[in-house]
Structure formats: C-alpha cells, structure tokens
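Here is the structure we will look at, set down as structure tokens.
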Amino acid sequence: MTIALGQLNLVWGDPAANLAQVRSWTAEAAEQGADLIVFPELWSTGYDLARAEDHATAIDAGIFKATASLARAHGIAILGSCLARLEPGRIANTAVYVDATGQTRAAYSKTHLFGLMQEDRYLTAGERLELVDTGWGLFGLAICYDLRFPELFRSYALAGACAVVIPAEWPEPRCAHWRTLLQARAIENQMFVIACNRAGSDANNRFCGQSCIIDPMGDMLVEADDQPQLLIAELDLSLIAQTRARIPVFDDRRPELYSGSNSGS
Ligand SMILES: O=C(O)CCC(=O)C(=O)O
C-alpha cells in the first residue's frame, strides 16, 4: 500500500483556497501511484473556530462532498478532518475516510478536545472510536491531541488495526512531544503510525510540520521538515507480524493486572 502525506500550509478560514491546494496535491499523489492521501486536521479552514457555524457542513455535503468527488475523479482514497455539522447545534472536528470510488467509509470525530485551541468552547467531542477497512487492513482514526492518549491506540491495536492515521495541527513549541509520542505509539503497539501535520503559521501558532510514517519497529519510513511538502511511502504490512513474532508484546501482556478500559484481552 502506498501512502501520501499532504503537509499543507493552510489558508485561515478559506475553504476554497485550501480545496484548490488539496485538488492539485491529490492529483499529484494519484499520479505517483498513492492509494491514500492524508491531509492535516481542519485542512479546509484551519482553527477558525469562531466561524465554525459558517464553515461546518453535513458529512455528505459541502467540503466533504467535494473531497469525495476528488477521490472518485483520481481513484485515490482521501483522509483529513474538517468541521462537520453532525446534528443541529452540534459541530465536531471530524476526520472522514473516502475510498477511491468516492464512498464515505468512516467518520471519526475527535474524542479528546484540545482546550488550548478552544475546541471545548466551540466543538462537541466524538463519543466513539472508529476503524476503517481500507481493503489492505484495518486503520484506526485519531486526530492531533488524541496522540497523548495511549489507551486509544492500544484499543485500536487490540481491535486488529494495522495502522493509526492522525491528521494534526501540532504547534512548534511541542514538536519534541509530537515526534516522541508518534514513535512511542508505533513501537508500543507494533503497528504503523501515519501522521500528517500542517506547515506554516496562523495568528496564534507556528506549526512544526514533521509529518511522518513510522513502521512497527519505530523506524521513520518518511519524514518532512517544517515546509509544505508532499511525501510518499510504501507500507510493507507483513512487518507487523514479523515484529510481533520477534518481540511478542501482545502475547506477553498481563491484562488481568491492568485497570481501566484496556484491561480486557
Ligand atoms: O497536544 C498538543 O500539544 C497539541 C494538540 C493540538 O494542537 C490539537 O489537538 O489541535
């Protein structure tokens, strides 16, 4: 499976300008043979949450519909998050996976809202985790701040995920956390971690880029710097079984000793 990461510099509050960038990068990724392209968190608007009411649409309309058409036109799956109107009065930061025929296969609303970006003021948290069957394997969905919650990743691993995909807008001052936590999630769960951050700045933050794909041993298959760029890497999914056979973490777990939501088998 070949995966592209579209590390864009976003235009604040301008879905048309951001969609134009997404269009051209999707075409390029498809030309280069990618099966899936991942874009950053809230790629159509950035963190323009004060105008969330204006930007949000149902996941079968607006920016989501345009993304589905793009996927169909180029025969490539697309994942990234945008503002979604889930029901009247409820707006969420929602990552949607559309397959290469333009079908919406999964929608995950960020379950851990990030107070530093005022998400708790404007958005409603998602209430469930979401796995998508990509045709190559099950991928778990997470968004940015979710990275700080290892239980979410372990839940996906226990449910059979071979990768977790993470669109993000992760600010520069905590770049070391981004890199370290992504690597830890890949190593501890012996799965692929596919993370697409944004580049550039908005009025409040500078973002660190460093989008990457990490394999089940924790090795970087591809890694960006802080500039806008399109990255492409091929995943060898057999590495998951190889890694788990060599270091059998999942056989050696002692769930009976753990408390909390991951105490099951
Ligand atoms: O956890 C962090 O430091 C960054 C999280 C974040 O920027 C987000 O969730 O949008």
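Letters A, B, ... go to the chains of the structure tokens in the order shown; residues in each chain start at 1; ligands are counted from 1 in the same order.
Assigned to helix (DSSP H, G or I) in region 76-173 of chain A, given DSSP computed from backbone atoms, are Gly115, Leu116, Met117, Glu119, Asp120, Arg121, Tyr122, Cys144, Tyr145, Asp146, Leu147, Arg148, Pro150, Glu151, Leu152, Phe153, Arg154, Ser155, Tyr156, Ala157, Leu158, Glu172 and Pro173 of chain A.
Residues of protein, DNA or RNA lying at most 8 Å from ligand 1, when only C-alpha atoms and all ligand atoms are considered, are Glu41, His112, Leu113, Phe114, Leu116, Met117, Ile143, Cys144, Tyr145, Asp146, Leu147, Arg148, Ala168, Glu169, Trp170, Pro171, Arg174, His177 and Trp178 of chain A.
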Those same residues - C-alpha atoms - I'd like them written as a short mmCIF file (atom, residue, chain, number, x, y, z; two decimals), in the first residue's frame.
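The resulting file, part04.cif, is reproduced below:
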```cif
data_model
loop_
_atom_site.label_atom_id
_atom_site.label_comp_id
_atom_site.auth_asym_id
_atom_site.auth_seq_id
_atom_site.Cartn_x
_atom_site.Cartn_y
_atom_site.Cartn_z
CA GLU A 41 -6.54 18.42 10.80
CA HIS A 112 -10.30 14.48 23.19
CA LEU A 113 -10.95 18.20 22.70
CA PHE A 114 -7.92 20.48 22.99
CA LEU A 116 -5.54 25.35 24.37
CA MET A 117 -7.15 25.81 20.93
CA ILE A 143 -6.81 13.46 15.49
CA CYS A 144 -3.92 15.54 16.86
CA TYR A 145 -4.32 15.85 20.68
CA ASP A 146 -5.64 12.23 20.72
CA LEU A 147 -1.97 11.30 20.34
CA ARG A 148 -1.50 11.99 24.06
CA ALA A 168 -2.95 17.18 13.02
CA GLU A 169 -2.24 20.87 13.55
CA TRP A 170 0.53 20.43 16.10
CA PRO A 171 2.30 23.64 17.20
CA ARG A 174 5.90 20.97 21.45
CA HIS A 177 6.32 15.67 22.04
CA TRP A 178 4.89 15.11 18.54
#
```
Per-residue nearest contacts of region 65-159 of chain A to region 234-238 of chain A (12 Å; only C-alpha atoms) as a tab-separated table:
```
residue	atom	partner	partner_atom	distance
A:Trp136	CA	A:Leu237	CA	8.3
A:Gly137	CA	A:Leu237	CA	8.4
A:Leu138	CA	A:Leu237	CA	11.0
A:Phe139	CA	A:Leu237	CA	11.6
```
Could you name the residues that touch region 8-25 of chain A at 7 Å or less, counting only C-alpha atoms, but leaving out those on the same chain fewer than 5 positions away, as a VMD selection string? chain A and resid 43 to 46 48 70 198 to 200 202 228 to 229
Residues within 12 Å of Ala61 (chain A), only C-alpha atoms, excluding chain neighbours under 3 positions, as a ChimeraX atom specification: /A:55-58,64-69,82-86,104
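Residues surrounding Ile37 (chain A) within 8 Å are A:Ile3, A:Ala4, A:Leu5, A:Gly6, A:Thr26, A:Ala29, A:Ile76, A:Ala77, A:Ile78, A:Leu79 [only C-alpha atoms; sequence separation below 4 positions excluded].
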Print the selection's residues with N, CA and C atoms to a file, as a PDB file, in the first residue's frame.
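Dumped everything to result.pdb:
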```pdb
ATOM      1  N   ILE A   3       1.212   5.316   0.472  1.00  0.00           N
ATOM      2  CA  ILE A   3       0.504   6.389   1.189  1.00  0.00           C
ATOM      3  C   ILE A   3       1.207   7.719   0.964  1.00  0.00           C
ATOM      4  N   ALA A   4       0.409   8.753   0.725  1.00  0.00           N
ATOM      5  CA  ALA A   4       0.942  10.112   0.569  1.00  0.00           C
ATOM      6  C   ALA A   4       0.486  10.964   1.749  1.00  0.00           C
ATOM      7  N   LEU A   5       1.350  11.874   2.155  1.00  0.00           N
ATOM      8  CA  LEU A   5       1.003  12.857   3.193  1.00  0.00           C
ATOM      9  C   LEU A   5       1.072  14.241   2.557  1.00  0.00           C
ATOM     10  N   GLY A   6      -0.020  14.992   2.651  1.00  0.00           N
ATOM     11  CA  GLY A   6      -0.050  16.340   2.059  1.00  0.00           C
ATOM     12  C   GLY A   6       0.145  17.376   3.157  1.00  0.00           C
ATOM     13  N   THR A  26      -3.706  16.153  -4.520  1.00  0.00           N
ATOM     14  CA  THR A  26      -4.336  14.833  -4.696  1.00  0.00           C
ATOM     15  C   THR A  26      -4.022  14.299  -6.093  1.00  0.00           C
ATOM     16  N   ALA A  29      -0.420  13.123  -6.085  1.00  0.00           N
ATOM     17  CA  ALA A  29      -0.241  11.866  -5.332  1.00  0.00           C
ATOM     18  C   ALA A  29      -0.774  10.681  -6.137  1.00  0.00           C
ATOM     19  N   ILE A  76      -8.292   7.638  -5.788  1.00  0.00           N
ATOM     20  CA  ILE A  76      -7.397   7.582  -4.627  1.00  0.00           C
ATOM     21  C   ILE A  76      -8.233   7.849  -3.370  1.00  0.00           C
ATOM     22  N   ALA A  77      -7.964   7.118  -2.300  1.00  0.00           N
ATOM     23  CA  ALA A  77      -8.663   7.377  -1.032  1.00  0.00           C
ATOM     24  C   ALA A  77      -8.093   8.646  -0.392  1.00  0.00           C
ATOM     25  N   ILE A  78      -8.944   9.365   0.351  1.00  0.00           N
ATOM     26  CA  ILE A  78      -8.526  10.625   0.995  1.00  0.00           C
ATOM     27  C   ILE A  78      -8.997  10.617   2.446  1.00  0.00           C
ATOM     28  N   LEU A  79      -8.111  11.070   3.332  1.00  0.00           N
ATOM     29  CA  LEU A  79      -8.494  11.262   4.729  1.00  0.00           C
ATOM     30  C   LEU A  79      -7.940  12.581   5.261  1.00  0.00           C
TER      31      LEU A  79
END
```
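Taking only C-alpha atoms into account, Ala176 (chain A) lies nearest to A:Gln210 out of the set A:Gln190, A:Asn204, A:Thr243, A:Gln210.
Distance annotation: of A:Ala100, A:Ala52, A:Met217, A:Ile232, the residue with the minimal separation from Gln32 (chain A) is A:Ile232; atom set is only C-alpha atoms.
Ranking A:Arg206, A:Asn189, A:Ile214, A:Asp219 by their shortest atom-to-atom distance to Phe250 (chain A), with only C-alpha atoms included, puts A:Asn189 first.
Counting only C-alpha atoms, the residue from A:Ser211, A:Met220, A:Val249, A:Asn93 that sits nearest to Ala107 (chain A) is A:Asn93.
Residue nearest Ser155 (chain A), chosen from A:Gly218, A:Gly135, A:Gly75, A:Gly140 and counting only C-alpha atoms: A:Gly140.
Straight-line separation from CA of Pro216 (chain A) to CA of Glu188 (chain A): 8.4 Å.
Between Val98 (chain A) and the residues A:Asp215, A:Glu151, A:Glu127, A:Asp35, the shortest atom-to-atom distance, using only C-alpha atoms, involves A:Asp35.
If you look at CA of Val222 (chain A) and CA of Ala161 (chain A), they are 20.5 Å away from each other.
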